[in-house]
$ cat final.txt   # compact mmCIF, C-alpha atoms and all ligand atoms
# COMPACT_ATOMS: atom_id res chain seq x y z
CA MET A 1 -16.89 -9.19 17.46
CA LYS A 2 -13.37 -8.03 18.34
CA ARG A 3 -11.54 -5.28 16.48
CA VAL A 4 -8.57 -2.92 16.93
CA GLN A 5 -9.74 0.64 17.55
CA TYR A 6 -8.79 3.96 19.19
CA ASP A 7 -10.59 6.86 20.88
CA ARG A 8 -8.06 9.60 20.11
CA TYR A 9 -5.46 10.26 17.44
CA GLY A 10 -1.96 9.47 18.64
CA GLY A 11 0.74 6.86 19.10
CA PRO A 12 0.57 3.06 19.48
CA GLU A 13 -0.60 3.41 23.10
CA LYS A 14 -3.98 4.69 21.81
CA MET A 15 -4.88 1.28 20.28
CA TYR A 16 -6.98 -1.28 22.13
CA PHE A 17 -9.20 -4.27 21.38
CA GLY A 18 -12.84 -3.14 21.30
CA GLU A 19 -16.07 -5.11 20.95
CA CYS A 20 -18.70 -4.17 18.36
CA ASP A 21 -21.68 -5.74 16.61
CA VAL A 22 -21.03 -7.73 13.45
CA PRO A 23 -21.68 -5.12 10.70
CA ARG A 24 -24.70 -5.61 8.39
CA VAL A 25 -24.33 -5.53 4.62
CA GLY A 26 -26.10 -2.92 2.50
CA ASP A 27 -26.78 -2.77 -1.24
CA GLY A 28 -23.64 -3.44 -3.25
CA GLU A 29 -21.67 -4.53 -0.17
CA VAL A 30 -20.19 -7.79 1.10
CA ARG A 31 -19.23 -8.94 4.57
CA VAL A 32 -15.97 -10.85 4.76
CA SER A 33 -14.87 -13.11 7.58
CA VAL A 34 -11.26 -11.96 7.88
CA LYS A 35 -8.56 -14.67 7.70
CA ALA A 36 -5.57 -12.33 7.30
CA ALA A 37 -5.00 -8.57 7.51
CA ALA A 38 -1.77 -6.88 6.37
CA ILE A 39 -0.25 -3.89 8.14
CA ASN A 40 0.55 -0.82 6.01
CA PRO A 41 2.35 2.36 7.16
CA PHE A 42 -0.91 4.10 6.16
CA ASP A 43 -2.72 2.35 9.06
CA TRP A 44 -0.62 3.96 11.76
CA LYS A 45 -0.43 7.28 9.90
CA LEU A 46 -4.25 7.42 9.95
CA ARG A 47 -4.28 6.64 13.69
CA GLN A 48 -1.63 9.35 14.25
CA GLY A 49 -4.08 11.81 12.66
CA ALA A 50 -2.21 12.43 9.40
CA MET A 51 -5.53 12.62 7.51
CA LYS A 52 -7.74 14.01 10.28
CA LEU A 53 -9.19 16.71 8.04
CA VAL A 54 -10.71 13.83 6.06
CA THR A 55 -11.20 11.20 8.79
CA GLY A 56 -12.82 13.63 11.24
CA ARG A 57 -13.34 13.50 14.99
CA ARG A 58 -15.93 10.75 15.50
CA PHE A 59 -14.54 8.01 17.76
CA PRO A 60 -13.98 5.18 18.33
CA LYS A 61 -12.26 4.61 14.99
CA ALA A 62 -11.40 1.17 13.70
CA MET A 63 -7.95 0.33 12.28
CA GLY A 64 -6.79 -1.67 9.28
CA THR A 65 -7.31 -1.49 5.53
CA ASP A 66 -6.03 -4.60 3.67
CA PHE A 67 -7.50 -8.05 4.28
CA ALA A 68 -8.27 -11.46 2.80
CA GLY A 69 -10.99 -13.87 3.88
CA LEU A 70 -14.27 -15.57 3.08
CA VAL A 71 -17.43 -13.81 1.86
CA GLU A 72 -20.07 -14.63 4.48
CA ALA A 73 -22.86 -12.27 3.34
CA ALA A 74 -23.63 -10.28 0.19
CA GLY A 75 -26.14 -7.44 -0.29
CA ARG A 76 -28.26 -6.85 -3.37
CA ASN A 77 -26.55 -5.86 -6.63
CA VAL A 78 -23.30 -7.70 -5.94
CA GLY A 79 -22.10 -9.41 -9.13
CA ASN A 80 -18.38 -10.02 -8.85
CA VAL A 81 -18.30 -12.38 -5.83
CA THR A 82 -20.69 -14.61 -3.96
CA VAL A 83 -21.09 -16.11 -0.46
CA GLY A 84 -18.34 -18.66 0.19
CA ASP A 85 -15.79 -17.08 -2.19
CA GLU A 86 -12.22 -16.55 -1.00
CA VAL A 87 -11.46 -12.88 -1.61
CA PHE A 88 -8.95 -10.15 -0.84
CA GLY A 89 -9.49 -6.43 -0.75
CA THR A 90 -9.25 -3.10 1.00
CA VAL A 91 -11.54 -0.98 3.15
CA ASP A 92 -12.16 2.68 2.35
CA PHE A 93 -9.59 4.41 4.57
CA LYS A 94 -12.22 6.86 5.90
CA LYS A 95 -13.87 3.87 7.57
CA SER A 96 -11.01 1.34 7.97
CA GLY A 97 -11.68 -1.70 10.18
CA ALA A 98 -9.78 -4.62 8.61
CA PHE A 99 -8.07 -5.46 11.92
CA ALA A 100 -11.28 -7.20 12.97
CA GLU A 101 -12.96 -10.58 12.82
CA ALA A 102 -15.27 -9.36 10.02
CA VAL A 103 -15.45 -6.36 7.72
CA VAL A 104 -18.09 -4.88 5.40
CA VAL A 105 -16.88 -3.29 2.15
CA LYS A 106 -18.21 -2.24 -1.24
CA ALA A 107 -18.11 -5.25 -3.55
CA ASP A 108 -15.77 -3.45 -5.98
CA HIS A 109 -13.21 -3.21 -3.15
CA VAL A 110 -12.69 -7.00 -3.27
CA ALA A 111 -11.56 -9.49 -5.90
CA LYS A 112 -11.38 -13.27 -5.88
CA LYS A 113 -8.24 -14.55 -4.17
CA PRO A 114 -5.94 -16.44 -6.56
CA PRO A 115 -5.94 -20.06 -5.32
CA GLN A 116 -2.12 -20.12 -5.53
CA LEU A 117 -1.86 -17.47 -2.82
CA SER A 118 -2.31 -17.93 0.92
CA PHE A 119 -4.70 -15.55 2.70
CA ALA A 120 -1.65 -13.75 4.15
CA GLU A 121 -0.06 -13.29 0.71
CA ALA A 122 -3.33 -12.03 -0.78
CA ALA A 123 -3.84 -9.58 2.11
CA SER A 124 -0.38 -8.14 1.33
CA LEU A 125 -1.46 -7.04 -2.13
CA PRO A 126 -4.12 -4.30 -2.17
CA ILE A 127 -2.70 -0.95 -1.04
CA ALA A 128 0.90 -1.69 -1.99
CA ALA A 129 0.12 -3.13 -5.42
CA MET A 130 -2.61 -0.57 -6.22
CA THR A 131 -0.18 2.25 -5.35
CA ALA A 132 2.59 0.67 -7.40
CA TRP A 133 0.14 0.38 -10.33
CA ALA A 134 -0.95 4.01 -10.03
CA ALA A 135 2.67 5.19 -9.85
CA VAL A 136 4.41 2.99 -12.38
CA ILE A 137 1.71 2.32 -14.97
CA ASP A 138 -0.68 5.29 -14.72
CA ARG A 139 1.84 8.03 -13.87
CA ALA A 140 5.25 6.77 -15.08
CA GLN A 141 3.74 4.88 -18.04
CA ALA A 142 6.22 2.01 -17.84
CA ARG A 143 6.80 0.59 -21.33
CA PRO A 144 9.41 -1.44 -23.19
CA GLY A 145 12.79 0.25 -23.01
CA ALA A 146 11.72 2.96 -20.53
CA ARG A 147 14.26 3.81 -17.81
CA ILE A 148 12.76 4.10 -14.34
CA PHE A 149 14.52 4.94 -11.08
CA ILE A 150 12.83 3.77 -7.85
CA ASN A 151 13.94 5.29 -4.56
CA GLY A 152 13.09 2.67 -1.91
CA CYS A 153 12.88 -0.23 -4.36
CA SER A 154 12.68 -2.81 -1.56
CA GLY A 155 9.58 -1.91 0.50
CA ALA A 156 6.11 -3.27 -0.16
CA VAL A 157 5.23 -0.57 -2.73
CA GLY A 158 8.77 -0.42 -4.13
CA ALA A 159 9.07 -4.18 -4.71
CA PHE A 160 5.70 -4.35 -6.52
CA ALA A 161 6.70 -1.26 -8.54
CA VAL A 162 9.90 -3.04 -9.65
CA GLN A 163 7.93 -6.18 -10.60
CA LEU A 164 5.30 -4.21 -12.56
CA ALA A 165 7.85 -2.03 -14.37
CA ILE A 166 10.02 -4.99 -15.39
CA SER A 167 6.95 -6.95 -16.53
CA ARG A 168 6.17 -4.01 -18.84
CA GLY A 169 9.67 -4.18 -20.33
CA ALA A 170 11.18 -1.20 -18.48
CA HIS A 171 14.74 -1.05 -17.12
CA VAL A 172 14.73 -0.34 -13.39
CA ALA A 173 17.52 1.25 -11.36
CA GLY A 174 16.98 1.99 -7.71
CA ALA A 175 18.14 2.80 -4.21
CA CYS A 176 17.66 0.75 -1.05
CA GLY A 177 19.26 0.03 2.31
CA PRO A 178 22.18 -2.42 2.63
CA ALA A 179 20.01 -5.25 3.96
CA SER A 180 17.78 -5.09 0.88
CA ARG A 181 20.45 -5.13 -1.85
CA ASP A 182 20.30 -8.88 -2.49
CA SER A 183 16.52 -8.98 -2.87
CA ALA A 184 16.60 -5.90 -5.14
CA ARG A 185 19.29 -7.51 -7.30
CA ALA A 186 17.30 -10.75 -7.50
CA ALA A 187 14.25 -8.74 -8.60
CA GLY A 188 16.22 -7.31 -11.52
CA VAL A 189 17.13 -3.82 -10.26
CA ALA A 190 20.39 -2.60 -11.83
CA PRO A 191 22.26 -0.57 -10.93
CA ILE A 192 21.48 -0.45 -7.20
CA PHE A 193 22.57 2.60 -5.21
CA ALA A 194 22.94 3.33 -1.50
CA TYR A 195 20.79 6.19 -0.15
CA SER A 196 24.03 7.84 1.02
CA ASP A 197 25.25 7.99 -2.60
CA SER A 198 22.35 9.96 -4.07
CA GLU A 199 24.72 12.12 -6.16
CA ALA A 200 25.50 8.96 -8.16
CA TYR A 201 21.87 8.15 -9.05
CA ALA A 202 22.09 9.84 -12.47
CA ARG A 203 25.59 8.55 -13.26
CA GLY A 204 24.24 6.10 -15.84
CA GLY A 205 22.15 8.71 -17.67
CA THR A 206 18.75 10.30 -17.24
CA TYR A 207 15.42 8.59 -16.61
CA ASP A 208 11.95 8.60 -18.09
CA ALA A 209 10.55 8.43 -14.56
CA VAL A 210 11.77 8.75 -10.99
CA PHE A 211 9.47 7.14 -8.42
CA ASP A 212 10.16 8.08 -4.80
CA THR A 213 8.35 5.52 -2.62
CA LEU A 214 9.78 6.94 0.61
CA GLY A 215 9.30 10.72 0.30
CA THR A 216 13.00 11.19 1.12
CA LEU A 217 14.42 12.13 -2.29
CA ASP A 218 14.94 15.86 -2.72
CA VAL A 219 12.39 16.85 -5.38
CA GLY A 220 14.83 19.18 -7.16
CA HIS A 221 17.40 16.41 -7.32
CA GLY A 222 14.78 13.95 -8.60
CA LEU A 223 13.70 16.38 -11.33
CA SER A 224 17.34 16.89 -12.36
CA MET A 225 17.62 13.11 -12.97
CA LEU A 226 14.87 13.19 -15.62
CA ASN A 227 15.08 13.50 -19.36
CA PRO A 228 13.09 16.47 -20.77
CA ARG A 229 9.80 14.52 -20.97
CA GLY A 230 10.35 12.56 -17.76
CA VAL A 231 8.08 12.59 -14.71
CA PHE A 232 8.76 12.50 -10.96
CA VAL A 233 6.18 10.39 -9.09
CA ASP A 234 5.64 10.82 -5.36
CA ILE A 235 3.30 8.92 -3.00
CA ASN A 236 3.99 10.78 0.24
CA PRO A 237 1.90 13.96 0.01
CA THR A 238 2.39 17.06 2.13
CA PRO A 239 0.31 20.23 1.57
CA GLY A 240 3.20 21.76 -0.41
CA ARG A 241 3.67 18.63 -2.52
CA LEU A 242 -0.09 18.41 -3.22
CA LEU A 243 0.00 21.97 -4.57
CA ARG A 244 3.10 21.22 -6.62
CA GLY A 245 1.40 18.11 -8.02
CA MET A 246 -1.53 20.24 -9.22
CA LEU A 247 0.69 22.86 -10.85
CA SER A 248 3.52 20.84 -12.37
CA ARG A 249 3.48 18.70 -15.50
CA ARG A 250 6.64 16.85 -14.41
CA TYR A 251 5.81 16.19 -10.74
CA LYS A 252 2.87 13.88 -10.03
CA LEU A 253 1.36 12.33 -6.92
CA ALA A 254 -0.10 8.83 -7.01
CA PHE A 255 -2.55 7.26 -4.57
CA ALA A 256 -3.70 3.74 -3.78
CA THR A 257 -7.31 4.76 -4.45
CA MET A 258 -6.39 5.31 -8.12
CA GLY A 259 -5.77 1.55 -8.39
CA ILE A 260 -8.92 0.05 -6.84
CA LYS A 261 -10.40 -0.76 -10.25
CA ARG A 262 -7.22 -2.77 -10.95
CA LEU A 263 -7.80 -5.34 -8.17
CA PRO A 264 -8.90 -8.12 -10.59
CA GLU A 265 -5.82 -7.50 -12.79
CA ILE A 266 -3.63 -7.44 -9.69
CA ALA A 267 -5.11 -10.85 -8.75
CA GLU A 268 -4.23 -12.19 -12.22
CA LEU A 269 -0.68 -10.85 -12.02
CA ALA A 270 -0.24 -12.45 -8.59
CA ALA A 271 -1.67 -15.75 -9.88
CA SER A 272 0.83 -15.74 -12.75
CA GLY A 273 3.77 -14.93 -10.46
CA THR A 274 4.41 -11.46 -11.90
CA LEU A 275 3.50 -9.90 -8.54
CA ARG A 276 5.16 -11.77 -5.68
CA PRO A 277 4.08 -10.71 -2.17
CA ALA A 278 6.86 -11.05 0.41
CA ILE A 279 5.76 -11.89 3.95
CA GLY A 280 8.13 -10.92 6.76
CA LEU A 281 6.03 -11.99 9.73
CA GLU A 282 2.70 -13.71 10.31
CA ALA A 283 1.35 -13.16 13.82
CA PRO A 284 -1.96 -14.06 15.47
CA PHE A 285 -4.63 -11.35 15.69
CA THR A 286 -4.41 -11.60 19.49
CA ASP A 287 -0.90 -10.07 19.21
CA ALA A 288 -2.13 -7.21 16.99
CA LEU A 289 -1.37 -4.33 19.37
CA SER A 290 2.30 -5.22 19.92
CA VAL A 291 2.84 -6.31 16.31
CA ILE A 292 1.45 -3.03 14.90
CA ALA A 293 3.52 -1.04 17.42
CA ASP A 294 6.65 -2.97 16.42
CA ALA A 295 6.08 -2.36 12.69
CA GLU A 296 5.46 1.32 13.41
CA THR A 297 8.67 1.75 15.39
CA GLY A 298 10.84 -0.17 12.88
CA ARG A 299 11.23 -3.38 14.94
CA ARG A 300 10.26 -5.78 12.16
CA THR A 301 11.59 -8.21 9.63
CA SER A 302 11.73 -7.12 5.99
CA GLY A 303 8.56 -8.02 4.09
CA LYS A 304 4.95 -7.53 5.06
CA THR A 305 3.71 -8.04 8.60
CA VAL A 306 0.37 -9.88 8.51
CA LEU A 307 -2.15 -10.64 11.24
CA THR A 308 -3.83 -14.04 10.95
CA PHE A 309 -7.21 -15.03 12.38
N1 LIG A 401 -0.02 7.59 -1.64
C1 LIG A 401 -0.51 6.41 -1.24
O1 LIG A 401 -1.67 6.08 -1.53
C2 LIG A 401 0.39 5.46 -0.49
C3 LIG A 401 0.07 4.10 -0.50
C4 LIG A 401 0.94 3.20 0.12
C5 LIG A 401 2.07 3.68 0.80
N2 LIG A 401 2.31 5.01 0.84
C6 LIG A 401 3.51 5.50 1.56
O2 LIG A 401 4.65 4.98 0.91
C7 LIG A 401 5.66 4.71 1.85
C8 LIG A 401 6.16 3.29 1.64
O3 LIG A 401 5.14 2.36 1.96
P1 LIG A 401 5.45 0.79 1.99
O4 LIG A 401 4.20 0.10 2.30
O5 LIG A 401 6.23 0.40 0.80
O6 LIG A 401 6.42 0.72 3.27
P2 LIG A 401 7.44 -0.41 3.74
O7 LIG A 401 7.08 -1.73 3.16
O8 LIG A 401 7.53 -0.28 5.20
O9 LIG A 401 8.82 -0.02 3.07
C9 LIG A 401 9.38 1.25 3.18
C10 LIG A 401 10.88 1.14 3.33
O10 LIG A 401 11.15 0.76 4.64
C11 LIG A 401 12.35 0.02 4.65
N3 LIG A 401 12.10 -1.20 5.39
C12 LIG A 401 11.51 -2.34 4.99
N4 LIG A 401 11.52 -3.25 5.97
C13 LIG A 401 12.11 -2.66 7.00
C14 LIG A 401 12.43 -3.07 8.30
N5 LIG A 401 12.20 -4.30 8.73
N6 LIG A 401 12.99 -2.17 9.14
C15 LIG A 401 13.27 -0.93 8.71
N7 LIG A 401 13.02 -0.49 7.47
C16 LIG A 401 12.45 -1.34 6.64
C17 LIG A 401 12.75 -0.33 3.27
O11 LIG A 401 13.87 0.42 2.92
P3 LIG A 401 15.33 -0.18 2.85
O12 LIG A 401 15.27 -1.67 2.73
O13 LIG A 401 15.88 0.41 1.64
O14 LIG A 401 15.97 0.26 4.11
C18 LIG A 401 11.55 0.10 2.46
O15 LIG A 401 11.90 0.65 1.22
C19 LIG A 401 5.06 4.98 3.22
O16 LIG A 401 5.47 6.26 3.64
C20 LIG A 401 3.57 4.97 2.97
O17 LIG A 401 2.86 5.76 3.88
C21 LIG A 401 1.51 5.91 0.20
$ encode --input "final.txt" --output "structure tokens" --more "lines below"
Ligand SMILES: NC(=O)c1ccc[n+]([C@@H]2O[C@H](COP(=O)([O-])OP(=O)(O)OC[C@H]3O[C@@H](n4cnc5c(N)ncnc54)[C@H](OP(=O)(O)O)[C@@H]3O)[C@@H](O)[C@H]2O)c1
Amino acid sequence: MKRVQYDRYGGPEKMYFGECDVPRVGDGEVRVSVKAAAINPFDWKLRQGAMKLVTGRRFPKAMGTDFAGLVEAAGRNVGNVTVGDEVFGTVDFKKSGAFAEAVVVKADHVAKKPPQLSFAEAASLPIAAMTAWAAVIDRAQARPGARIFINGCSGAVGAFAVQLAISRGAHVAGACGPASRDSARAAGVAPIFAYSDSEAYARGGTYDAVFDTLGTLDVGHGLSMLNPRGVFVDINPTPGRLLRGMLSRRYKLAFATMGIKRLPEIAELAASGTLRPAIGLEAPFTDALSVIADAETGRRTSGKTVLTF
């Protein structure tokens, strides 16, 4: 089968289409015939070597994490899905491989696809929604009346974070670029600030949580926007920020992996319309190399870029 892979860490030029055997399923695993795979910034960061201490130096490495498709084989001890089910899910990032005609994953890394969603919409959910869940519900503890500020409220993670926080009864203020103001307003963000006006972020009072989806908000400034029991949530770790996250009660990192157990609830929230995936571009898998490179270098439409098979 065909997949996107690379033999060295580096830029978009390192990607190519490789051929490999269709992977076999083991105990507790399913093989999914991929119908759609969504592109996340994480995919190109992994290929650039951002996590090479964890991902190691064995090549070739496959690319892609989030997918939706049909279960075509199931190993022993799989209870949540069965052959023929439409599912969506995510591959362990240490292995990756969703930009491929088929993928094998642990059964708890998939959930049934809500019938209301297309494969492309379902593939847009896992990493972004799991991260938003970890940040807004687990870390920021969104609740009725809570005040939450989201820096980058318009990206894939940011938009799901807004939807989750508002569904829990929180008030959400945020910052985004000029092209995203209308969609942020429609989602219920108020007030909306420009990144260039960061001094104004706390003008309306302090917050119970500040969630920086972009890693661009000065941490000191973010902490100064909090009330005394508030928490700053970050999803863009650096070695210094990881250390800070371990030592500080008010500064917390959140990771997609914290939300894997929430996939079935994420499916329910998408089925009910609480989570609303936004697709920017659907492109055929045959265009994967140029489409990934375009997303990586900022030449894209707003909303998720999804490969279809
Ligand atoms: N810790 C974790 O486990 C984890 C998980 C997922 C993501 N992340 C990280 O979180 C960050 C955000 O991820 P994401 O998936 O939300 O990224 P994304 O969808 O690309 O959005 C990020 C920002 O990019 C801007 N943007 C959106 N479309 C754009 C376009 N067509 N051209 C230029 N800019 C555009 C938006 O800002 P404006 O509209 O305001 O300009 C948006 O807020 C990334 O750094 C990612 O690596 C971490």
$ atom_distance --input "final.txt" --atom1 "atom C12 of ligand LIG 401 (chain A)" --atom2 "atom CA of Glu121 of chain A"
16.5 Å
$ residues_near_ligand --input "final.txt" --ligand "ligand LIG 401 (chain A)" --cutoff "7 Å" --atoms "all atoms listed in the file" --output "VMD selection string"
chain A and resid 40 to 42 127 to 128 131 152 to 158 175 to 180 213 to 215 235 to 237 254 to 257 298 to 304
$ atom_distance --input "final.txt" --atom1 "atom CA of Met63 of chain A" --atom2 "atom CA of Ala102 of chain A"
12.4 Å
$ atom_distance --input "final.txt" --atom1 "atom CA of Ile39 of chain A" --atom2 "atom CA of Gly64 of chain A"
7.0 Å
$ closest_residue --input "final.txt" --among "A:Ile260, A:Ala186, A:Ala73, A:Val291" --to "Ala132 of chain A" --atoms "only C-alpha atoms"
A:Ile260
$ closest_residue --input "final.txt" --among "A:Ala283, A:Ala129, A:Val233, A:Met15" --to "Gly259 of chain A" --atoms "all atoms listed in the file"
A:Ala129
$ closest_residue --input "final.txt" --among "A:Ala37, A:Ile166, A:Met246, A:Ala107" --to "Arg143 of chain A" --atoms "only C-alpha atoms"
A:Ile166
$ residues_near_point --input "final.txt" --point "(-5.7, 10.8, 11.9)" --cutoff "12 Å" --atoms "only C-alpha atoms" --output "MDAnalysis selection string"
chainID A and resid 6:11 14 42:63 93:96
$ closest_residue --input "final.txt" --among "A:Ile279, A:Pro144, A:Arg24, A:Lys261" --to "Pro126 of chain A" --atoms "all atoms listed in the file"
A:Lys261
$ residues_around --input "final.txt" --residues "Ala165 of chain A" --least-positions-apart "6" --cutoff "9 Å" --atoms "all atoms listed in the file" --output "PDB file with C-alpha atoms, keeping the file's coordinate frame"
ATOM      1  CA  VAL A 136       4.410   2.990 -12.380  1.00  0.00           C
ATOM      2  CA  ILE A 137       1.710   2.320 -14.970  1.00  0.00           C
ATOM      3  CA  GLN A 141       3.740   4.880 -18.040  1.00  0.00           C
ATOM      4  CA  ALA A 142       6.220   2.010 -17.840  1.00  0.00           C
ATOM      5  CA  ARG A 143       6.800   0.590 -21.330  1.00  0.00           C
ATOM      6  CA  PRO A 144       9.410  -1.440 -23.190  1.00  0.00           C
ATOM      7  CA  ALA A 146      11.720   2.960 -20.530  1.00  0.00           C
ATOM      8  CA  ILE A 148      12.760   4.100 -14.340  1.00  0.00           C
ATOM      9  CA  HIS A 171      14.740  -1.050 -17.120  1.00  0.00           C
ATOM     10  CA  VAL A 172      14.730  -0.340 -13.390  1.00  0.00           C
TER      11      VAL A 172
END
$ build_atoms --input "final.txt" --residues "segment 83-91 of chain A" --atoms "all heavy atoms" --output "compact mmCIF listing (two decimals), in the coordinates of the input"
# COMPACT_ATOMS: atom_id res chain seq x y z
N VAL A 83 -21.35 -15.55 -1.79
CA VAL A 83 -21.09 -16.11 -0.46
C VAL A 83 -20.27 -17.38 -0.60
O VAL A 83 -20.53 -18.23 -1.45
CB VAL A 83 -22.43 -16.39 0.26
CG1 VAL A 83 -22.19 -17.17 1.56
CG2 VAL A 83 -23.15 -15.08 0.56
N GLY A 84 -19.22 -17.49 0.22
CA GLY A 84 -18.34 -18.66 0.19
C GLY A 84 -17.05 -18.42 -0.58
O GLY A 84 -16.10 -19.20 -0.45
N ASP A 85 -17.01 -17.35 -1.42
CA ASP A 85 -15.79 -17.08 -2.19
C ASP A 85 -14.64 -16.66 -1.26
O ASP A 85 -14.84 -15.92 -0.28
CB ASP A 85 -16.01 -15.93 -3.19
CG ASP A 85 -16.72 -16.38 -4.45
OD1 ASP A 85 -16.86 -17.61 -4.65
OD2 ASP A 85 -17.14 -15.50 -5.24
N GLU A 86 -13.43 -17.07 -1.64
CA GLU A 86 -12.22 -16.55 -1.00
C GLU A 86 -11.84 -15.26 -1.73
O GLU A 86 -11.68 -15.27 -2.97
CB GLU A 86 -11.08 -17.57 -1.09
CG GLU A 86 -11.38 -18.85 -0.32
CD GLU A 86 -10.23 -19.84 -0.33
OE1 GLU A 86 -9.28 -19.67 -1.14
OE2 GLU A 86 -10.28 -20.79 0.46
N VAL A 87 -11.69 -14.18 -0.99
CA VAL A 87 -11.46 -12.88 -1.61
C VAL A 87 -10.32 -12.16 -0.88
O VAL A 87 -9.91 -12.54 0.22
CB VAL A 87 -12.73 -11.99 -1.57
CG1 VAL A 87 -13.85 -12.61 -2.38
CG2 VAL A 87 -13.17 -11.72 -0.14
N PHE A 88 -9.84 -11.08 -1.52
CA PHE A 88 -8.95 -10.15 -0.84
C PHE A 88 -9.40 -8.75 -1.23
O PHE A 88 -10.08 -8.57 -2.24
CB PHE A 88 -7.48 -10.41 -1.20
CG PHE A 88 -7.13 -10.00 -2.61
CD1 PHE A 88 -6.42 -8.84 -2.86
CD2 PHE A 88 -7.52 -10.78 -3.71
CE1 PHE A 88 -6.09 -8.45 -4.16
CE2 PHE A 88 -7.21 -10.41 -5.01
CZ PHE A 88 -6.49 -9.24 -5.23
N GLY A 89 -9.03 -7.77 -0.41
CA GLY A 89 -9.49 -6.43 -0.75
C GLY A 89 -9.04 -5.40 0.27
O GLY A 89 -8.18 -5.65 1.12
N THR A 90 -9.66 -4.23 0.17
CA THR A 90 -9.25 -3.10 1.00
C THR A 90 -10.47 -2.30 1.42
O THR A 90 -11.43 -2.18 0.66
CB THR A 90 -8.22 -2.24 0.23
OG1 THR A 90 -7.64 -1.29 1.10
CG2 THR A 90 -8.84 -1.54 -0.97
N VAL A 91 -10.43 -1.77 2.63
CA VAL A 91 -11.54 -0.98 3.15
C VAL A 91 -11.27 0.49 2.84
O VAL A 91 -10.11 0.93 2.92
CB VAL A 91 -11.64 -1.11 4.69
CG1 VAL A 91 -12.99 -0.62 5.18
CG2 VAL A 91 -11.40 -2.53 5.14
